[in-house]
Every structure is written in structure tokens, then in C-alpha cells.
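Pasted below: query.cif, mmCIF, C-alpha atoms.
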```cif
data_target
loop_
_atom_site.label_atom_id
_atom_site.label_comp_id
_atom_site.auth_asym_id
_atom_site.auth_seq_id
_atom_site.Cartn_x
_atom_site.Cartn_y
_atom_site.Cartn_z
CA MET A 1 43.57 52.61 54.40
CA ARG A 2 47.15 52.12 53.32
CA PHE A 3 48.77 50.92 50.10
CA ARG A 4 52.39 49.95 49.73
CA ILE A 5 53.75 49.49 46.21
CA ASN A 6 57.40 48.64 45.60
CA ARG A 7 58.80 49.74 42.26
CA SER A 8 62.40 49.47 41.13
CA SER A 9 62.07 52.42 38.73
CA SER A 10 59.39 54.15 36.72
CA THR A 11 58.08 57.52 35.67
CA SER A 12 56.18 59.50 38.25
CA ALA A 13 52.47 58.78 37.90
CA HIS A 14 51.14 61.64 39.98
CA PRO A 15 49.41 64.53 38.17
CA SER A 16 49.70 68.12 39.33
CA PRO A 17 46.47 69.38 40.95
CA ALA A 18 47.38 73.04 40.99
CA ASP A 19 46.11 74.24 37.61
CA PRO A 20 43.76 72.22 35.37
CA ALA A 21 45.33 73.80 32.30
CA HIS A 22 48.91 73.13 33.40
CA THR A 23 50.91 70.63 31.36
CA PRO A 24 53.82 69.31 33.43
CA ALA A 25 56.83 67.76 31.79
CA LEU A 26 57.16 64.00 32.06
CA HIS A 27 60.08 63.26 34.32
CA THR A 28 61.89 60.33 35.86
CA VAL A 29 62.15 59.94 39.61
CA GLU A 30 64.44 57.90 41.80
CA PRO A 31 63.33 54.40 42.90
CA GLU A 32 60.77 54.73 45.66
CA VAL A 33 58.32 53.03 47.92
CA VAL A 34 54.92 54.66 47.55
CA GLU A 35 52.66 54.87 50.58
CA ALA A 36 49.27 56.42 49.91
CA PRO A 37 46.83 56.35 52.82
CA LEU A 38 43.36 57.67 51.93
CA SER A 39 41.42 58.91 54.90
CA THR A 40 37.67 58.65 55.29
CA HIS A 41 37.44 62.37 54.56
CA GLU A 42 39.42 62.00 51.32
CA THR A 43 37.19 59.12 50.25
CA GLU A 44 34.11 61.24 50.91
CA LEU A 45 35.59 64.11 48.88
CA ILE A 46 36.22 61.83 45.90
CA ARG A 47 32.72 60.38 45.98
CA ALA A 48 31.10 63.77 46.42
CA SER A 49 32.95 65.15 43.39
CA VAL A 50 31.85 62.20 41.27
CA SER A 51 28.22 62.80 42.22
CA VAL A 52 28.61 66.37 40.92
CA VAL A 53 30.11 65.44 37.53
CA GLU A 54 28.16 62.22 36.94
CA PRO A 55 25.21 63.93 35.16
CA LEU A 56 27.76 65.39 32.73
CA ALA A 57 29.94 62.28 32.54
CA ALA A 58 29.44 61.67 28.80
CA GLU A 59 30.54 65.21 27.97
CA MET A 60 33.43 64.95 30.42
CA THR A 61 34.86 61.85 28.75
CA VAL A 62 34.70 63.54 25.34
CA TYR A 63 36.57 66.49 26.80
CA PHE A 64 39.12 64.22 28.50
CA TYR A 65 40.14 62.49 25.28
CA ALA A 66 40.12 65.76 23.35
CA ILE A 67 42.64 67.39 25.67
CA LEU A 68 44.65 64.18 26.05
CA PHE A 69 45.15 63.94 22.27
CA ALA A 70 45.76 67.69 21.93
CA ARG A 71 48.39 67.84 24.67
CA TYR A 72 49.95 64.43 24.00
CA PRO A 73 49.39 63.58 20.32
CA GLU A 74 51.87 60.72 20.56
CA VAL A 75 49.26 58.60 22.40
CA ARG A 76 46.55 58.96 19.73
CA PRO A 77 47.82 56.05 17.56
CA MET A 78 47.28 53.71 20.51
CA PHE A 79 43.50 54.15 20.21
CA PRO A 80 40.99 52.98 17.58
CA PRO A 81 39.65 55.55 15.10
CA GLY A 82 36.17 55.42 16.61
CA MET A 83 36.14 56.48 20.26
CA ASP A 84 32.51 56.02 21.34
CA ALA A 85 33.02 52.62 22.98
CA GLN A 86 36.29 53.75 24.55
CA ARG A 87 34.65 56.74 26.26
CA GLY A 88 32.12 54.41 27.84
CA ARG A 89 34.87 52.13 29.11
CA LEU A 90 36.71 55.02 30.74
CA LEU A 91 33.56 56.09 32.55
CA ARG A 92 32.77 52.58 33.78
CA ALA A 93 36.31 52.06 35.02
CA LEU A 94 36.34 55.42 36.79
CA LEU A 95 33.08 54.65 38.57
CA ARG A 96 34.34 51.18 39.50
CA ILE A 97 37.48 52.64 41.04
CA VAL A 98 35.40 55.12 43.02
CA ASP A 99 33.26 52.22 44.26
CA LEU A 100 36.42 50.47 45.49
CA VAL A 101 38.24 53.48 46.91
CA ASP A 102 37.56 52.31 50.49
CA ASP A 103 38.19 48.62 49.68
CA PRO A 104 41.99 48.48 49.30
CA GLU A 105 42.28 44.75 48.65
CA ASN A 106 39.82 44.72 45.75
CA LEU A 107 41.03 48.08 44.42
CA VAL A 108 44.59 46.77 44.18
CA ARG A 109 43.32 43.58 42.56
CA PHE A 110 41.20 45.48 40.02
CA CYS A 111 43.96 47.92 39.12
CA GLY A 112 46.49 45.10 38.89
CA HIS A 113 44.27 43.40 36.30
CA LEU A 114 44.08 46.69 34.39
CA GLY A 115 47.84 47.17 34.49
CA ARG A 116 48.55 43.71 33.12
CA ASP A 117 45.86 43.97 30.46
CA HIS A 118 47.05 47.41 29.32
CA ARG A 119 50.40 46.01 28.18
CA LYS A 120 48.76 44.86 24.94
CA PHE A 121 48.06 48.51 24.03
CA GLY A 122 51.71 49.48 24.36
CA THR A 123 51.03 51.45 27.54
CA LEU A 124 54.19 52.76 29.21
CA ALA A 125 54.79 54.19 32.67
CA ALA A 126 55.43 57.56 31.02
CA HIS A 127 51.83 57.70 29.80
CA PHE A 128 50.28 57.73 33.28
CA PRO A 129 51.17 61.32 34.28
CA ALA A 130 49.62 62.57 31.03
CA VAL A 131 46.42 60.65 31.66
CA GLY A 132 46.26 61.78 35.28
CA GLU A 133 46.81 65.40 34.36
CA CYS A 134 44.02 65.34 31.77
CA LEU A 135 41.67 63.38 34.04
CA LEU A 136 42.03 65.93 36.85
CA ALA A 137 41.64 68.79 34.38
CA SER A 138 38.40 67.23 33.12
CA LEU A 139 37.06 66.67 36.61
CA ALA A 140 37.91 70.23 37.58
CA ARG A 141 36.20 71.67 34.50
CA TYR A 142 32.95 69.75 34.98
CA ALA A 143 32.82 70.02 38.77
CA GLY A 144 32.99 73.79 38.41
CA PRO A 145 32.78 75.72 41.69
CA ALA A 146 32.52 72.42 43.61
CA TRP A 147 36.16 71.67 42.75
CA THR A 148 38.43 72.64 45.64
CA ALA A 149 42.09 72.29 46.50
CA ASP A 150 41.24 69.51 48.97
CA ILE A 151 39.32 67.57 46.32
CA ALA A 152 42.19 68.02 43.86
CA ALA A 153 44.64 66.73 46.45
CA ALA A 154 42.44 63.69 47.22
CA TRP A 155 42.11 62.84 43.52
CA THR A 156 45.86 63.29 43.00
CA LYS A 157 46.55 60.83 45.80
CA ALA A 158 43.94 58.34 44.59
CA TYR A 159 45.12 58.47 40.99
CA GLY A 160 48.70 58.04 42.17
CA VAL A 161 47.72 54.84 43.97
CA VAL A 162 45.88 53.51 40.90
CA ALA A 163 48.74 54.35 38.55
CA ASP A 164 51.40 52.90 40.86
CA VAL A 165 49.52 49.61 41.18
CA MET A 166 48.99 49.41 37.40
CA ILE A 167 52.63 50.20 36.65
CA SER A 168 53.91 47.72 39.22
CA ALA A 169 51.61 44.97 37.93
CA ALA A 170 52.66 45.62 34.34
CA GLU A 171 56.37 45.55 35.22
CA GLN A 172 56.03 42.26 37.08
CA ASP A 173 53.96 40.78 34.26
CA GLU A 174 56.49 41.86 31.63
CA ALA A 175 59.17 39.82 33.40
CA VAL A 176 57.31 36.53 32.94
CA ARG A 177 55.20 36.66 29.77
CA PRO A 178 54.52 38.53 26.53
CA ALA A 179 51.94 41.29 26.18
CA VAL A 180 50.07 39.58 23.31
CA TRP A 181 49.92 36.13 21.75
CA PRO A 182 49.44 35.73 17.98
CA ALA A 183 47.06 32.81 17.33
CA THR A 184 46.19 31.16 14.00
CA VAL A 185 42.62 30.11 13.27
CA VAL A 186 42.73 26.33 12.72
CA HIS A 187 39.01 25.50 12.66
CA ARG A 188 35.78 27.38 12.09
CA VAL A 189 32.24 25.97 12.30
CA PRO A 190 29.02 27.99 11.77
CA ARG A 191 26.43 27.09 14.41
CA GLY A 192 23.45 29.05 13.07
CA HIS A 193 21.62 32.04 14.59
CA GLY A 194 24.67 34.23 13.91
CA ILE A 195 27.02 32.07 15.99
CA ALA A 196 30.37 30.68 14.89
CA GLU A 197 32.70 28.32 16.73
CA ILE A 198 36.28 29.44 16.14
CA THR A 199 39.32 27.45 17.26
CA VAL A 200 42.77 29.07 17.39
CA ARG A 201 46.27 27.79 18.11
CA PRO A 202 48.55 30.36 19.83
CA HIS A 203 52.06 30.55 18.37
CA THR A 204 53.56 30.36 21.86
CA PRO A 205 52.20 28.69 25.03
CA TYR A 206 49.13 30.46 26.40
CA GLU A 207 48.08 29.91 30.00
CA TYR A 208 44.52 30.33 31.23
CA ALA A 209 42.05 28.65 33.56
CA ALA A 210 38.65 27.27 32.58
CA GLY A 211 36.04 29.97 33.15
CA GLN A 212 38.32 32.93 32.41
CA TYR A 213 37.86 35.35 29.50
CA VAL A 214 40.30 36.54 26.82
CA SER A 215 40.57 39.77 24.83
CA VAL A 216 40.75 39.25 21.07
CA GLU A 217 41.91 41.60 18.29
CA THR A 218 41.25 40.88 14.60
CA PRO A 219 43.39 41.98 11.65
CA TRP A 220 40.41 43.85 10.16
CA TRP A 221 39.78 46.12 13.16
CA PRO A 222 43.17 46.89 14.73
CA LYS A 223 43.16 48.31 18.27
CA GLN A 224 39.58 47.16 18.82
CA TRP A 225 39.63 44.40 21.42
CA ARG A 226 36.60 42.35 22.45
CA TYR A 227 36.34 39.80 25.24
CA TYR A 228 35.34 36.15 24.76
CA SER A 229 35.50 33.13 27.06
CA PRO A 230 37.14 29.93 25.81
CA ALA A 231 34.57 27.13 25.62
CA ASN A 232 37.11 24.51 26.68
CA ALA A 233 39.41 23.68 29.55
CA PRO A 234 43.14 23.84 28.67
CA ARG A 235 44.05 21.20 26.07
CA GLU A 236 47.28 19.35 25.46
CA ASP A 237 47.53 20.82 21.94
CA GLY A 238 47.14 24.36 23.32
CA THR A 239 44.14 25.28 21.17
CA LEU A 240 41.26 27.45 22.38
CA THR A 241 37.70 27.46 21.04
CA PHE A 242 35.52 30.56 21.18
CA HIS A 243 31.75 30.79 20.63
CA VAL A 244 31.09 34.14 18.94
CA ARG A 245 27.67 35.64 18.22
CA ALA A 246 27.49 38.40 15.59
CA VAL A 247 26.05 41.47 17.32
CA ALA A 248 24.19 44.15 15.38
CA GLY A 249 26.71 46.92 14.77
CA GLY A 250 29.51 44.88 16.32
CA SER A 251 32.52 45.23 14.05
CA VAL A 252 34.69 42.62 15.76
CA SER A 253 31.97 40.01 16.31
CA ASN A 254 30.71 40.32 12.72
CA ALA A 255 34.26 40.00 11.37
CA LEU A 256 34.83 36.84 13.42
CA VAL A 257 31.50 35.26 12.43
CA HIS A 258 31.28 36.27 8.77
CA ARG A 259 34.82 37.02 7.61
CA CYS A 260 37.25 34.97 9.68
CA ALA A 261 38.73 31.89 7.95
CA VAL A 262 41.21 29.15 8.68
CA GLY A 263 44.72 30.58 8.44
CA ASP A 264 43.83 34.06 9.68
CA VAL A 265 45.91 35.29 12.62
CA LEU A 266 44.24 36.89 15.63
CA GLN A 267 45.89 38.50 18.65
CA LEU A 268 45.08 37.38 22.19
CA GLY A 269 45.51 39.44 25.34
CA PRO A 270 46.15 37.86 28.76
CA ALA A 271 43.45 35.71 30.33
CA MET A 272 41.43 37.45 33.04
CA GLY A 273 38.62 36.74 35.46
CA ASP A 274 38.01 34.92 38.72
CA MET A 275 35.09 32.66 37.68
CA VAL A 276 37.27 29.57 38.03
CA LEU A 277 36.82 26.17 39.64
CA ASP A 278 39.35 26.91 42.37
CA ALA A 279 36.96 29.59 43.66
CA ALA A 280 34.47 26.86 44.66
CA VAL A 281 34.12 25.86 48.30
CA PHE A 282 31.26 23.37 48.07
CA ARG A 283 31.31 19.97 46.40
CA ASP A 284 28.04 20.74 44.57
CA LEU A 285 28.06 23.25 41.71
CA LEU A 286 25.23 25.10 39.98
CA CYS A 287 26.12 26.43 36.52
CA VAL A 288 23.70 28.72 34.68
CA ALA A 289 24.18 29.90 31.07
CA GLY A 290 22.18 32.13 28.76
CA GLY A 291 23.10 32.29 25.06
CA THR A 292 26.81 32.17 24.28
CA GLY A 293 27.35 32.47 28.02
CA LEU A 294 27.50 28.70 27.66
CA ALA A 295 31.19 28.94 26.67
CA PRO A 296 32.77 29.39 30.14
CA ILE A 297 30.22 27.02 31.69
CA ARG A 298 31.20 24.33 29.21
CA ALA A 299 34.86 24.96 30.00
CA LEU A 300 34.16 24.59 33.74
CA VAL A 301 32.38 21.27 33.15
CA GLU A 302 35.38 20.05 31.16
CA GLU A 303 37.64 21.11 34.02
CA VAL A 304 35.58 19.14 36.53
CA ALA A 305 35.97 16.11 34.24
CA ARG A 306 39.74 16.73 33.95
CA ARG A 307 39.99 16.65 37.75
CA GLY A 308 38.18 13.35 38.03
CA GLY A 309 34.57 14.43 38.52
CA ARG A 310 34.83 15.24 42.21
CA HIS A 311 31.90 17.68 42.01
CA GLN A 312 28.21 17.16 41.38
CA VAL A 313 27.24 19.68 38.67
CA ASP A 314 23.77 20.96 37.75
CA VAL A 315 23.72 22.96 34.50
CA PHE A 316 20.77 25.10 33.39
CA LEU A 317 20.74 26.52 29.86
CA GLY A 318 18.24 29.23 28.94
CA ALA A 319 16.90 30.86 25.78
CA ARG A 320 13.79 32.60 24.51
CA THR A 321 12.88 29.80 22.05
CA GLY A 322 13.84 26.19 21.51
CA ALA A 323 15.69 27.08 18.29
CA GLU A 324 17.83 29.53 20.25
CA LEU A 325 18.72 27.00 22.93
CA TYR A 326 22.32 27.00 21.86
CA GLY A 327 24.62 24.04 22.57
CA VAL A 328 22.12 21.93 24.52
CA ASP A 329 22.70 18.78 22.45
CA ASP A 330 26.44 18.91 23.09
CA MET A 331 25.89 19.38 26.82
CA LEU A 332 23.39 16.49 26.95
CA ARG A 333 25.98 14.22 25.34
CA MET A 334 28.45 15.29 28.03
CA ALA A 335 25.85 14.40 30.68
CA GLN A 336 25.54 10.92 29.20
CA ARG A 337 29.29 10.42 29.65
CA HIS A 338 29.50 11.81 33.21
CA HIS A 339 27.25 10.53 36.01
CA TRP A 340 27.94 13.63 38.12
CA LEU A 341 26.52 16.03 35.48
CA THR A 342 22.85 17.00 35.06
CA VAL A 343 21.79 19.30 32.20
CA ARG A 344 18.43 21.05 31.81
CA GLY A 345 17.29 23.48 29.13
CA ALA A 346 14.65 26.15 29.77
CA VAL A 347 12.66 28.18 27.21
CA SER A 348 10.95 31.40 28.27
CA HIS A 349 8.93 32.58 25.23
CA GLU A 350 7.67 29.41 23.57
CA TYR A 351 5.49 26.46 24.53
CA THR A 352 7.62 23.38 23.98
CA PRO A 353 8.02 20.04 25.73
CA GLY A 354 10.28 20.34 28.75
CA ILE A 355 10.97 23.20 31.13
CA ARG A 356 9.35 26.56 30.44
CA GLY A 357 10.24 29.86 32.09
CA SER A 358 13.08 32.28 32.53
CA LEU A 359 16.25 31.00 34.14
CA PRO A 360 15.62 32.82 37.45
CA GLU A 361 12.11 31.33 37.60
CA VAL A 362 13.43 27.84 36.88
CA LEU A 363 16.19 28.17 39.47
CA ALA A 364 13.63 29.13 42.12
CA GLU A 365 11.52 26.11 41.18
CA TYR A 366 14.37 23.58 41.29
CA GLY A 367 16.18 25.02 44.32
CA PRO A 368 17.22 25.63 46.98
CA TRP A 369 20.87 26.05 46.05
CA TYR A 370 22.35 27.39 49.28
CA GLN A 371 24.80 24.48 49.56
CA HIS A 372 26.18 25.06 46.05
CA ASP A 373 28.81 27.26 44.50
CA VAL A 374 27.07 29.09 41.65
CA PHE A 375 28.60 30.11 38.30
CA LEU A 376 26.51 32.46 36.14
CA SER A 377 27.25 33.48 32.55
CA GLY A 378 25.16 35.31 29.97
CA PRO A 379 23.37 38.64 29.45
CA ALA A 380 23.75 41.04 32.36
CA PRO A 381 19.98 41.26 33.11
CA MET A 382 19.82 37.48 33.41
CA VAL A 383 22.86 37.36 35.70
CA VAL A 384 21.48 40.13 37.93
CA SER A 385 18.01 38.56 38.15
CA ALA A 386 19.39 35.06 38.79
CA SER A 387 21.71 36.41 41.50
CA GLU A 388 18.81 38.16 43.23
CA THR A 389 16.63 35.04 43.06
CA LEU A 390 19.37 32.82 44.46
CA THR A 391 20.22 35.27 47.24
CA LEU A 392 16.57 35.57 48.28
CA ASN A 393 16.43 31.78 48.50
CA GLY A 394 19.42 31.47 50.80
CA THR A 395 22.51 31.34 48.57
CA SER A 396 25.36 33.39 50.03
CA PRO A 397 26.45 36.19 47.65
CA GLU A 398 30.08 35.14 48.23
CA ARG A 399 29.29 31.81 46.58
CA ILE A 400 27.87 33.39 43.42
CA HIS A 401 30.54 33.81 40.74
CA HIS A 402 30.29 35.69 37.44
CA ASP A 403 32.38 37.89 35.17
CA PRO A 404 32.15 41.69 35.25
CA PHE A 405 29.11 42.92 33.31
CA GLU A 406 31.36 45.24 31.31
CA THR A 407 35.10 44.77 31.06
CA PRO A 408 36.34 48.27 31.90
CA VAL A 409 39.49 49.95 30.66
CA LEU A 410 40.82 52.87 32.66
CA SER A 411 42.73 55.06 30.29
CA MET A 412 43.97 53.30 27.18
CA PRO A 413 42.14 51.51 24.34
#
```
With the file now loaded, output its structure as C-alpha cells.
Amino acid sequence: MRFRINRSSSTSAHPSPADPAHTPALHTVEPEVVEAPLSTHETELIRASVSVVEPLAAEMTVYFYAILFARYPEVRPMFPPGMDAQRGRLLRALLRIVDLVDDPENLVRFCGHLGRDHRKFGTLAAHFPAVGECLLASLARYAGPAWTADIAAAWTKAYGVVADVMISAAEQDEAVRPAVWPATVVHRVPRGHGIAEITVRPHTPYEYAAGQYVSVETPWWPKQWRYYSPANAPREDGTLTFHVRAVAGGSVSNALVHRCAVGDVLQLGPAMGDMVLDAAVFRDLLCVAGGTGLAPIRALVEEVARRGGRHQVDVFLGARTGAELYGVDDMLRMAQRHHWLTVRGAVSHEYTPGIRGSLPEVLAEYGPWYQHDVFLSGPAPMVVSASETLTLNGTSPERIHHDPFETPVLSMP
């Protein structure tokens, strides 16, 4: 495969593979065009090395951040005090990149998203060589005797591609929009069961598409970003409404649900995600939501209405009990206003009037859905199970849209 990344100027992103303990100086190179073909053999080397270190991945990520902060203490303030969640994100991103190493189109797309999103952390081109050096040192340490010069060279090339794409995407993004958007809370409504509806007004115009998700930082937990989907299509007044559920042990979600008040200022990162209406091919849509996964589904329904109702939309909402069937009344009122919208609620753990069963079971009963574009949102097990059920019943996987199960971050907070 072959990548071509044009950059006007930046700091070299390629780590040195020669010595895991070596700390090269950060240096500036002349403008260049980077071509980085990865052969089948190099791809196999990368995947083989990951299979060796994967059983020790948790320890490896601890070691990675330890040496990164020791060798480059200037990057430590970019990260939150607690690093447990961050280590998990690094691992997930690394594994995702390895999955895509022989899929150049999606690898470039994934890394471009990362590069644009990393601007909110203050990431600079000069940080990438440091991260690459420490990543290779960590891989070498935990691969042990399995680490060879050929593997080091393959990883150096692969990381160079990833870094170049991220840097290029960030530079292009910087030319057209800010890294973060301050947004004032203008409305807050408790919805029960640990859920709050929070509406914010960005201080400057904020562009997003219905169905995308947004990273949010609170003033009480700086450098800790969490991802939420707006529950509305873009409005003329520019406001966004988020549905936030307080999660046990979740510092950001609990702050938003229990502490946030009108007048507080949050920070928004750039909108991300491909679960948008323009991804649909068919006229008929199936939208499935569990819990606060209703937010992007509601936004998509609003977007269909904004475009004149040219789609027929079936919405299924699921919960364990009737009391937990969040937002169903609001969606039923929308169905009364729009002839093209049908809304059904399903309860899996309680005998109540209406539909009973898990969402995958209900979808199988009411299908088939092979002539629909499908949008899924909610807990990962539900999304996986629903996807499997739909695929078994004839829905093409390419027509099933959902957000990533975990929003990964490669190297920074």
C-alpha cells in the first residue's frame, strides 16, 4: 500500500529504531513529500509483534507513559492527573491502527480524525517524535527477544505514516477553525434516573451534523474530555442539547448531572463521527436506541424533518424497565407530528403493556430490515447484538451505522 502526505513544514515524526533507550533530539526538517509503502511482510511483522506484547499490554502502557514523562517532562501538563483511563485509550487506539494497517483509506481517515481532535490538547508536531521514540522503546522492551531490526524498521515506517497523517490533518484544520469552542450552559433540566438535559450556546459558530458526537471538558475536571452526542439537529440559535447520564465513578458525567448550572462554561472539541444522514442510501431508515443512546437518534429524526421528511423512519427504543424507557414520550409526540415516523418502545426485564424483549429480539420479530439503512446507538453489547441479528436476517453490514464503541486517543490526553 502507498500513502502520500503533503506537508509544507513540520517537525520530523519518525522515531529512531536503533536503540530503545536512545533519546534523539527534536529537529526540524525541510518541507517534504512523505511516501511510506508498507509491504505485506511489514504488515505481518507489525501484527506478529503486537500478538507478542498484547498479554502484557497494560504493563506496557504504564511503562510508555513513565518513560515519556521522564524523558519529556514538558508534555506531562497536557495530561490529566489520573492516567488510568488514558492508558486504556492508548491501547485501544494502537490496536485499532494495527487492525487498519493494511486498509490505507480507513487508516488515513482514522488518523486524520485523531490529528484534528488532538488540537484541543495543545498537541504540536514536535511532540510526535517523542511519542514515537517512547512507543518503540516500550514495544521493544515488552517484545523481548522477539524484537528484531526488521520489526523496528516496520514500526518506524508505520508510526511515521500515522504521525504524518495526524500532523497534516491538524495543520489543515488549524487553517479553518479553532481547536476548542467555549460554550455557556443556558438551560439544564433533570430527567430522573441520573440523567440531565444540558443545553449550551457556543461563543462562536460551531458546525456539526446530526448524529455526530462531541468531546466535552468541564471546569471542574480540566484535561478530562468525555464524548456526548447532541440530541438535536443544528438550530438557528446555535445551541446544542446533550443528554448526560451520571455514571458510577464518572467524574465528568457526575459533574455535568449534579454540579453543572446555568452560566457555567464548558469547552467543546470538534464534532466527529460518520453516523450521519448523508451516509444513508435507502429511503427507509431503522433507528435503534438504548438508554441515552437516544440522543443522536433524536437528532437524526430532527434532521429528516428539517429536510422535508423524505425518509420513512422506524425508531425502536429499549430499556430494562418501563421507568427506564428514557425519552419515549417526547419521541411519541414527534411521531404524532410526522406521518413518516413510527416509534416503538421495548422493555426487556419487566412485564408491561406493549412490546417485551431485548432490542435485538424485537428487531428480529418486526423485520426484515434489509432494505433499510440502520442507525444504532447505545451500550456496546446492545449495538453488537443488534448488528449480528440484523446481519443474520439479511441487512448488509455496510448499511449498519454506529459510533465507535470506545473513542480512542493515540498518544495525548
Here's the selection I'm unsure about, the PyMOL selection byres ((chain A and resi 373) around 10); applied to the file above, which residues does it give, as a short mmCIF file (atom, residue, chain, number, x, y, z; two decimals) with C-alpha atoms, in the coordinates of the input?
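What follows is the written file result.cif:
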```cif
data_model
loop_
_atom_site.label_atom_id
_atom_site.label_comp_id
_atom_site.auth_asym_id
_atom_site.auth_seq_id
_atom_site.Cartn_x
_atom_site.Cartn_y
_atom_site.Cartn_z
CA LEU A 277 36.82 26.17 39.64
CA ALA A 279 36.96 29.59 43.66
CA ALA A 280 34.47 26.86 44.66
CA VAL A 281 34.12 25.86 48.30
CA PHE A 282 31.26 23.37 48.07
CA ARG A 283 31.31 19.97 46.40
CA ASP A 284 28.04 20.74 44.57
CA LEU A 285 28.06 23.25 41.71
CA LEU A 286 25.23 25.10 39.98
CA CYS A 287 26.12 26.43 36.52
CA VAL A 313 27.24 19.68 38.67
CA TRP A 369 20.87 26.05 46.05
CA TYR A 370 22.35 27.39 49.28
CA GLN A 371 24.80 24.48 49.56
CA HIS A 372 26.18 25.06 46.05
CA VAL A 374 27.07 29.09 41.65
CA PHE A 375 28.60 30.11 38.30
CA THR A 395 22.51 31.34 48.57
CA SER A 396 25.36 33.39 50.03
CA PRO A 397 26.45 36.19 47.65
CA GLU A 398 30.08 35.14 48.23
CA ARG A 399 29.29 31.81 46.58
CA ILE A 400 27.87 33.39 43.42
CA HIS A 401 30.54 33.81 40.74
#
```
Using all atoms listed in the file, I'd like a table of the residues in segment 75-141 of chain A that come within 7 Å of segment 155-167 of chain A; for each, show the closest atom pair and its distance in Å rounded to one decimal, ordered by chain and ascending number, as JSON lines.
```
{"residue": "A:Val108", "atom": "CA", "partner": "A:Val165", "partner_atom": "CA", "distance": 6.4}
{"residue": "A:Cys111", "atom": "CA", "partner": "A:Met166", "partner_atom": "CA", "distance": 5.5}
{"residue": "A:Gly112", "atom": "CA", "partner": "A:Met166", "partner_atom": "CA", "distance": 5.2}
{"residue": "A:Leu114", "atom": "CA", "partner": "A:Met166", "partner_atom": "CA", "distance": 6.4}
{"residue": "A:Gly115", "atom": "CA", "partner": "A:Met166", "partner_atom": "CA", "distance": 3.8}
{"residue": "A:Ala125", "atom": "CA", "partner": "A:Ile167", "partner_atom": "CA", "distance": 6.0}
{"residue": "A:Phe128", "atom": "CA", "partner": "A:Ala163", "partner_atom": "CA", "distance": 6.4}
{"residue": "A:Gly132", "atom": "CA", "partner": "A:Tyr159", "partner_atom": "CA", "distance": 6.7}
```
Please, what distance in Å, to one decimal, runs between atom CA of Leu94 of chain A and atom CA of Trp221 of chain A?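 These two atoms are separated by 25.6 Å.
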- request: Check which residues satisfy the PyMOL selection byres ((chain A and resi 43-50) around 9) in the file shown, then give them as a VMD selection string.
  value: chain A and resid 38 to 42 51 to 54 57 95 98 to 99 101 to 102 139 143 146 to 147 150 to 152 154 to 155 158
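Taking atom CA of Met382 of chain A as the reference point, atom CA of Leu294 of chain A is found at 13.0 Å.
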Straight-line distance linking atom CA of Ser138 of chain A with atom CA of Ala58 of chain A, stated in Å to one decimal: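 Between atom CA of Ser138 of chain A and atom CA of Ala58 of chain A the gap is 11.4 Å.
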With the file shown as input, list the residues that the PyMOL selection byres ((chain A and resi 298-311) around 10) selects, as a compact mmCIF listing (two decimals) with C-alpha atoms, keeping the file's coordinate frame.
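Final file, out-v2.txt:
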```txt
# COMPACT_ATOMS: atom_id res chain seq x y z
CA ALA A 209 42.05 28.65 33.56
CA ALA A 210 38.65 27.27 32.58
CA GLY A 211 36.04 29.97 33.15
CA GLN A 212 38.32 32.93 32.41
CA SER A 229 35.50 33.13 27.06
CA PRO A 230 37.14 29.93 25.81
CA ALA A 231 34.57 27.13 25.62
CA ASN A 232 37.11 24.51 26.68
CA ALA A 233 39.41 23.68 29.55
CA PRO A 234 43.14 23.84 28.67
CA THR A 241 37.70 27.46 21.04
CA MET A 275 35.09 32.66 37.68
CA VAL A 276 37.27 29.57 38.03
CA LEU A 277 36.82 26.17 39.64
CA ALA A 280 34.47 26.86 44.66
CA PHE A 282 31.26 23.37 48.07
CA ARG A 283 31.31 19.97 46.40
CA ASP A 284 28.04 20.74 44.57
CA LEU A 285 28.06 23.25 41.71
CA CYS A 287 26.12 26.43 36.52
CA ALA A 289 24.18 29.90 31.07
CA GLY A 293 27.35 32.47 28.02
CA LEU A 294 27.50 28.70 27.66
CA ALA A 295 31.19 28.94 26.67
CA PRO A 296 32.77 29.39 30.14
CA ILE A 297 30.22 27.02 31.69
CA GLN A 312 28.21 17.16 41.38
CA VAL A 313 27.24 19.68 38.67
CA ASP A 314 23.77 20.96 37.75
CA VAL A 315 23.72 22.96 34.50
CA GLY A 327 24.62 24.04 22.57
CA ASP A 330 26.44 18.91 23.09
CA MET A 331 25.89 19.38 26.82
CA MET A 334 28.45 15.29 28.03
CA ALA A 335 25.85 14.40 30.68
CA ARG A 337 29.29 10.42 29.65
CA HIS A 338 29.50 11.81 33.21
CA HIS A 339 27.25 10.53 36.01
CA TRP A 340 27.94 13.63 38.12
CA LEU A 341 26.52 16.03 35.48
CA PHE A 375 28.60 30.11 38.30
```
Item checked: Residue list as a list in words for point (45.8, 55.3, 20.5), cut-off 10 Å, all atoms listed in the file ->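 Nearby residues: Phe69, Pro73, Glu74, Val75, Arg76, Pro77, Met78, Phe79, Pro80, Pro81, Met83, Phe121, Gly122, Thr123, Lys223, Met412 and Pro413 of chain A.
Considering all atoms listed in the file, the residue among A:Ile198, A:Ala170, A:Leu359, A:Ala130 positioned nearest to Pro381 of chain A is A:Leu359.
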Please put the answer as JSON: centre and edge lengths, in Å with one decimal, of a box along x, y and z that encloses all listed atoms of segment 140-146 of chain A plus 8 Å on each side.
```
{"center_x": 35.2, "center_y": 72.7, "center_z": 39.1, "size_x": 21.4, "size_y": 22.0, "size_z": 25.1}
```
Ranking A:Gln336, A:Thr342, A:Ser377, A:Thr184 by minimum distance to Gly290 of chain A and counting all atoms listed in the file, which one comes first?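 Counting all atoms listed in the file, the residue closest to Gly290 of chain A is A:Ser377.
Using only C-alpha atoms, the contacts of Cys134 of chain A at a cut-off of 7 Å, with sequence neighbours closer than 5 positions omitted, comprise Phe64, Ile67 and Leu68 of chain A.
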